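As stored in query-v2.tsv (TSV, C-alpha atoms):
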chain	number	residue	atom	x	y	z
A	1	MET	CA	67.24	96.90	95.29
A	2	GLY	CA	69.11	94.34	97.46
A	3	PHE	CA	72.43	92.86	96.39
A	4	THR	CA	70.88	89.40	95.78
A	5	SER	CA	68.17	90.74	93.45
A	6	GLU	CA	70.72	92.98	91.72
A	7	LEU	CA	72.91	89.95	91.03
A	8	GLU	CA	69.93	88.00	89.70
A	9	GLU	CA	69.03	90.86	87.36
A	10	LEU	CA	72.64	91.09	86.19
A	11	ARG	CA	72.73	87.34	85.57
A	12	GLY	CA	69.63	87.59	83.39
A	13	ASP	CA	71.12	90.47	81.38
A	14	MET	CA	74.33	88.52	80.88
A	15	PHE	CA	72.60	85.44	79.47
A	16	LYS	CA	70.66	87.63	77.03
A	17	ARG	CA	73.96	89.08	75.83
A	18	ILE	CA	75.53	85.65	75.47
A	19	ALA	CA	72.55	84.54	73.38
A	20	ALA	CA	73.00	87.60	71.17
A	21	LEU	CA	76.67	86.73	70.69
A	22	SER	CA	75.81	83.26	69.41
A	23	ARG	CA	74.93	84.58	65.95
A	24	PRO	CA	76.24	87.43	63.79
A	25	ASP	CA	74.06	90.43	63.08
A	26	ASP	CA	74.05	89.81	59.36
A	27	VAL	CA	72.90	86.18	59.34
A	28	PRO	CA	70.40	85.86	56.46
A	29	PRO	CA	66.93	84.46	57.19
A	30	PRO	CA	66.42	80.74	56.51
A	31	ALA	CA	65.90	79.93	52.85
A	32	THR	CA	62.35	79.26	51.79
A	33	GLU	CA	61.19	77.14	48.90
A	34	ASP	CA	60.72	80.29	46.82
A	35	SER	CA	64.24	81.49	47.51
A	36	ALA	CA	65.97	78.15	46.86
A	37	GLN	CA	66.80	79.09	43.28
A	38	ALA	CA	68.41	82.37	44.40
A	39	VAL	CA	70.57	80.58	46.98
A	40	GLU	CA	71.66	77.72	44.74
A	41	PRO	CA	74.28	79.65	42.68
A	42	ILE	CA	76.30	80.27	45.89
A	43	LEU	CA	77.21	76.58	45.82
A	44	TYR	CA	79.15	77.16	42.63
A	45	GLU	CA	81.32	80.05	43.84
A	46	PRO	CA	85.08	79.46	43.54
A	47	ASP	CA	86.89	77.78	46.45
A	48	LYS	CA	88.53	81.13	47.22
A	49	GLN	CA	85.18	82.65	48.16
A	50	LEU	CA	84.29	79.64	50.34
A	51	SER	CA	87.64	79.94	52.09
A	52	GLN	CA	87.07	83.64	52.74
A	53	ASP	CA	83.57	82.98	54.11
A	54	PHE	CA	84.94	80.25	56.37
A	55	ALA	CA	87.68	82.55	57.70
A	56	GLU	CA	85.14	85.28	58.48
A	57	ALA	CA	82.86	82.80	60.26
A	58	LEU	CA	85.78	81.40	62.26
A	59	GLY	CA	86.82	84.92	63.24
A	60	PHE	CA	83.30	85.68	64.45
A	61	ILE	CA	83.22	82.45	66.49
A	62	LYS	CA	86.57	83.21	68.15
A	63	SER	CA	85.52	86.78	68.94
A	64	SER	CA	82.20	85.63	70.40
A	65	ILE	CA	83.88	82.97	72.56
A	66	ALA	CA	86.30	85.57	73.93
A	67	LYS	CA	83.43	87.94	74.77
A	68	MET	CA	81.45	85.14	76.42
A	69	ASP	CA	84.48	84.15	78.46
A	70	ARG	CA	84.94	87.73	79.72
A	71	LEU	CA	81.24	88.03	80.59
A	72	ILE	CA	81.13	84.70	82.43
A	73	SER	CA	84.30	85.52	84.38
A	74	ALA	CA	82.85	88.90	85.36
A	75	ILE	CA	79.53	87.48	86.57
A	76	LEU	CA	81.27	84.73	88.54
A	77	HIS	CA	83.47	87.33	90.21
A	78	LEU	CA	80.47	89.51	91.07
A	79	THR	CA	78.55	86.54	92.48
A	80	ARG	CA	81.47	85.60	94.74
A	81	GLU	CA	81.98	89.23	95.76
A	82	GLY	CA	78.29	89.66	96.56
A	83	ARG	CA	78.35	86.72	98.95
A	84	ARG	CA	81.79	87.17	100.49
A	85	GLU	CA	82.14	88.45	104.04
A	86	PHE	CA	84.39	91.47	104.44
A	87	HIS	CA	87.39	91.24	106.77
A	88	PRO	CA	88.61	94.72	107.76
A	89	VAL	CA	92.37	95.07	108.13
A	90	SER	CA	94.80	97.97	108.20
A	91	ILE	CA	95.82	98.78	104.61
A	92	ALA	CA	98.89	100.77	103.58
A	93	MET	CA	97.17	102.41	100.63
A	94	ARG	CA	100.25	103.72	98.87
A	95	ASP	CA	101.88	100.27	98.91
A	96	LEU	CA	98.67	98.68	97.64
A	97	ILE	CA	98.32	101.15	94.76
A	98	GLU	CA	102.00	100.86	93.80
A	99	ASN	CA	101.63	97.07	93.65
A	100	ILE	CA	98.61	97.46	91.36
A	101	ALA	CA	100.54	99.93	89.20
A	102	SER	CA	103.36	97.41	88.82
A	103	THR	CA	100.93	94.78	87.50
A	104	VAL	CA	99.83	97.08	84.67
A	105	ALA	CA	103.30	98.52	84.02
A	106	HIS	CA	103.65	96.71	80.68
A	107	GLN	CA	100.21	97.83	79.55
A	108	ALA	CA	101.01	101.40	80.62
A	109	ALA	CA	104.33	101.32	78.74
A	110	GLU	CA	102.56	100.18	75.56
A	111	ALA	CA	100.10	103.09	75.90
A	112	ASP	CA	102.97	105.46	76.81
A	113	ALA	CA	101.05	106.30	80.01
A	114	HIS	CA	102.70	107.15	83.32
A	115	ILE	CA	101.19	106.18	86.68
A	116	ARG	CA	102.04	108.46	89.59
A	117	VAL	CA	101.08	107.51	93.15
A	118	GLU	CA	100.99	110.38	95.63
A	119	PRO	CA	101.17	109.93	99.44
A	120	LEU	CA	97.98	108.23	100.62
A	121	PRO	CA	96.53	107.63	104.09
A	122	ASP	CA	96.35	104.16	105.58
A	123	ILE	CA	92.78	102.94	105.99
A	124	VAL	CA	90.96	100.09	107.73
A	125	SER	CA	89.04	98.15	105.14
A	126	ASP	CA	88.72	94.84	103.30
A	127	HIS	CA	91.97	94.35	101.40
A	128	LEU	CA	90.53	92.29	98.54
A	129	ALA	CA	87.67	94.75	97.97
A	130	ILE	CA	89.95	97.80	97.87
A	131	GLU	CA	92.40	96.02	95.60
A	132	GLN	CA	89.57	95.11	93.20
A	133	ILE	CA	88.24	98.66	93.09
A	134	PHE	CA	91.56	100.34	92.37
A	135	SER	CA	92.68	97.62	89.96
A	136	ASN	CA	89.59	98.37	87.86
A	137	LEU	CA	90.00	102.15	88.09
A	138	ILE	CA	93.71	102.15	87.20
A	139	ASP	CA	93.29	99.57	84.45
A	140	ASN	CA	90.45	101.62	83.00
A	141	ALA	CA	92.47	104.85	83.12
A	142	VAL	CA	95.42	103.23	81.35
A	143	LYS	CA	93.26	101.57	78.67
A	144	TYR	CA	91.59	104.84	77.73
A	145	SER	CA	94.71	107.01	77.95
A	146	GLY	CA	96.62	108.31	74.95
A	147	PRO	CA	100.37	108.81	74.47
A	148	ASP	CA	102.32	110.71	77.14
A	149	VAL	CA	99.41	110.78	79.59
A	150	ASN	CA	99.69	110.83	83.38
A	151	VAL	CA	97.43	108.77	85.62
A	152	THR	CA	97.58	110.10	89.17
A	153	VAL	CA	96.28	108.50	92.36
A	154	GLU	CA	95.98	110.98	95.21
A	155	THR	CA	94.12	111.84	98.39
A	156	ALA	CA	91.03	113.97	97.94
A	157	LYS	CA	89.78	114.24	101.51
A	158	VAL	CA	90.19	112.58	104.91
A	159	ASP	CA	88.06	113.16	108.00
A	160	ASP	CA	86.61	111.13	110.86
A	161	LYS	CA	83.86	109.66	108.69
A	162	TYR	CA	85.24	109.23	105.19
A	163	THR	CA	88.43	108.91	103.20
A	164	CYS	CA	88.27	109.99	99.56
A	165	VAL	CA	90.86	108.93	97.00
A	166	ARG	CA	90.80	110.02	93.37
A	167	VAL	CA	92.24	108.54	90.20
A	168	LYS	CA	92.88	111.28	87.64
A	169	ASP	CA	93.82	110.87	84.01
A	170	GLN	CA	94.46	113.14	81.05
A	171	GLY	CA	92.64	110.90	78.62
A	172	PRO	CA	89.75	111.61	76.24
A	173	GLY	CA	87.36	112.70	78.99
A	174	ILE	CA	83.67	111.88	79.36
A	175	ALA	CA	80.69	113.84	78.12
A	176	LYS	CA	78.66	115.26	81.00
A	177	GLY	CA	75.59	113.33	79.90
A	178	GLU	CA	77.48	110.06	80.33
A	179	LEU	CA	78.98	110.64	83.80
A	180	LYS	CA	76.16	108.82	85.60
A	181	GLN	CA	75.65	106.27	82.85
A	182	ILE	CA	79.18	104.85	82.96
A	183	PHE	CA	78.55	103.00	86.24
A	184	LYS	CA	75.62	101.09	84.78
A	185	ARG	CA	76.21	97.50	83.78
A	186	PHE	CA	77.33	96.89	80.20
A	187	TYR	CA	77.52	100.62	79.48
A	188	ARG	CA	80.52	101.76	77.44
A	189	VAL	CA	81.42	105.36	76.70
A	190	SER	CA	81.01	106.70	73.20
A	191	GLY	CA	83.88	107.82	71.02
A	192	PRO	CA	86.57	106.24	68.82
A	193	LEU	CA	88.39	104.55	71.73
A	194	ALA	CA	85.28	102.63	72.75
A	195	THR	CA	85.47	100.49	69.63
A	196	ARG	CA	89.20	99.76	70.07
A	197	VAL	CA	89.31	99.02	73.80
A	198	LYS	CA	88.20	95.51	74.75
A	199	GLY	CA	86.00	95.10	77.80
A	200	THR	CA	82.76	93.78	79.20
A	201	GLY	CA	81.25	97.10	80.23
A	202	LEU	CA	81.29	95.82	83.82
A	203	GLY	CA	84.51	97.34	85.21
A	204	LEU	CA	82.97	100.50	86.63
A	205	TYR	CA	79.80	98.66	87.58
A	206	ILE	CA	81.95	96.40	89.76
A	207	VAL	CA	83.63	99.46	91.30
A	208	ARG	CA	80.26	100.95	92.25
A	209	PHE	CA	78.87	97.59	93.39
A	210	VAL	CA	81.80	96.83	95.72
A	211	ALA	CA	82.07	100.40	97.05
A	212	LYS	CA	78.33	100.53	97.81
A	213	ARG	CA	78.40	97.16	99.55
A	214	HIS	CA	81.32	98.40	101.61
A	215	GLY	CA	79.41	101.46	102.84
A	216	GLY	CA	81.02	103.87	100.40
A	217	ARG	CA	80.33	105.28	96.97
A	218	ALA	CA	82.08	106.05	93.70
A	219	TRP	CA	81.51	108.76	91.12
A	220	ALA	CA	83.23	110.45	88.18
A	221	GLU	CA	83.95	114.02	87.17
A	222	SER	CA	85.04	115.39	83.81
A	223	GLU	CA	85.06	118.74	82.07
A	224	GLY	CA	84.04	116.98	78.88
A	225	PRO	CA	85.65	115.32	75.85
A	226	GLY	CA	89.40	115.94	75.62
A	227	ARG	CA	89.63	117.22	79.23
A	228	GLY	CA	90.50	114.04	81.13
A	229	SER	CA	88.52	112.26	83.85
A	230	THR	CA	88.61	111.92	87.63
A	231	PHE	CA	87.16	108.96	89.50
A	232	ILE	CA	86.56	109.48	93.20
A	233	LEU	CA	86.16	106.67	95.70
A	234	GLN	CA	84.68	107.54	99.10
A	235	LEU	CA	85.07	104.93	101.83
A	236	PRO	CA	84.38	104.88	105.55
A	237	THR	CA	87.60	105.94	107.33
A	238	SER	CA	87.21	102.93	109.64
A	239	LYS	CA	85.23	99.83	108.66
Would you mind writing the file out in structure tokens?
Amino acid sequence: MGFTSELEELRGDMFKRIAALSRPDDVPPPATEDSAQAVEPILYEPDKQLSQDFAEALGFIKSSIAKMDRLISAILHLTREGRREFHPVSIAMRDLIENIASTVAHQAAEADAHIRVEPLPDIVSDHLAIEQIFSNLIDNAVKYSGPDVNVTVETAKVDDKYTCVRVKDQGPGIAKGELKQIFKRFYRVSGPLATRVKGTGLGLYIVRFVAKRHGGRAWAESEGPGRGSTFILQLPTSK
């Protein structure tokens, strides 16, 4: 599938999800003439009940708007990224990763997570693309980490053809059956953290999309739940 058709398919999926967000799951069916009598007593509930119903509806609207905003921002970013021309430059990888780590320092402190950046090779690549990939990987690792967890960015392999960098965490890990699924659009891992962590389900999809377009690839490894995760990015050594 080409990048243009992949973007079009993603756009269609996104609009379906936005439509689904426009109404709560428990909206009752429209009242019919036969059910009018059953609905009528609701009009005489105390003001307290009406106030509670209004607060719940308002909360749903705010939540849906926030989700729509995240989805629209993500699809706009992907559209721009899919059309943008890459401009290879020399990148000091350790400096780049340390700058990214500093932007999520507050978030890491709240999660009591520690980001460690090991010596990394310089590469020739598109700066914006590499920054986007590692921003997503590090942000993801921090969001899913528990207290007193290390997130480590280190070199996995360097040769004439490819440079591999991995982002390791000691978080909840990923079930083996989900390792390939997590890079699909809108997919979110199972488990208790999935319901607490906000996201669009597009972070890792963007990582794979950008890496693939750049002539590389991305994949994940994990020994299973409770064993942490490792995300490996393989990029051409010179691009």
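Using all atoms listed in the file, the smallest distance between any of A:Asn140, A:Asn99, A:Asn150, A:Gln132 and A:Gly201 comes from A:Asn140.
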Expected answer as a short mmCIF file (atom, residue, chain, number, x, y, z; two decimals) with C-alpha atoms, in the coordinates of the input: all residues with atoms within 8 Å of (92.6, 112.1, 86.3), all atoms listed in the file:
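So the final result, stored in result-v8.cif, reads:
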data_model
loop_
_atom_site.label_atom_id
_atom_site.label_comp_id
_atom_site.auth_asym_id
_atom_site.auth_seq_id
_atom_site.Cartn_x
_atom_site.Cartn_y
_atom_site.Cartn_z
CA ALA A 141 92.47 104.85 83.12
CA ASN A 150 99.69 110.83 83.38
CA VAL A 151 97.43 108.77 85.62
CA THR A 152 97.58 110.10 89.17
CA VAL A 153 96.28 108.50 92.36
CA ARG A 166 90.80 110.02 93.37
CA VAL A 167 92.24 108.54 90.20
CA LYS A 168 92.88 111.28 87.64
CA ASP A 169 93.82 110.87 84.01
CA GLN A 170 94.46 113.14 81.05
CA GLY A 171 92.64 110.90 78.62
CA GLY A 228 90.50 114.04 81.13
CA SER A 229 88.52 112.26 83.85
CA THR A 230 88.61 111.92 87.63
CA PHE A 231 87.16 108.96 89.50
#
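In this structure, atom CA of A:Arg227 sits 14.4 Å away from atom CA of A:Asp148.
Here atom CA of A:Gly216 and atom CA of A:Val158 stand 13.4 Å from one another.
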Judged by only C-alpha atoms, the minimum distance to A:Val165 among A:Pro88, A:Pro119, A:Gly215, A:Pro225 is found for A:Pro119
Between A:Phe209, A:Asp122, A:Phe86, A:Ala111, which one has atoms that come closest to A:Thr163, using all atoms listed in the file?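 Nearest candidate to A:Thr163 out of A:Phe209, A:Asp122, A:Phe86, A:Ala111: A:Asp122.
Remark: for A:Leu179, the closest of the candidate residues A:Asp139, A:Asp112, A:Glu223, A:Asp95 is A:Glu223 (distances computed over only C-alpha atoms).
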Exercise for review: Can you work out the spacing between atom CA of A:Pro236 and atom CA of A:Met93 in Å, to one decimal?
Suggested key: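 Taking atom CA of A:Pro236 as the start and atom CA of A:Met93 as the end point, the length is 13.9 Å.
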Would you mind telling me which residue in A:Lys176, A:Gln181, A:Phe186, A:Tyr205 lies nearest to A:Glu221 when using all atoms listed in the file?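 Ranked by minimum distance to A:Glu221, first place goes to A:Lys176.
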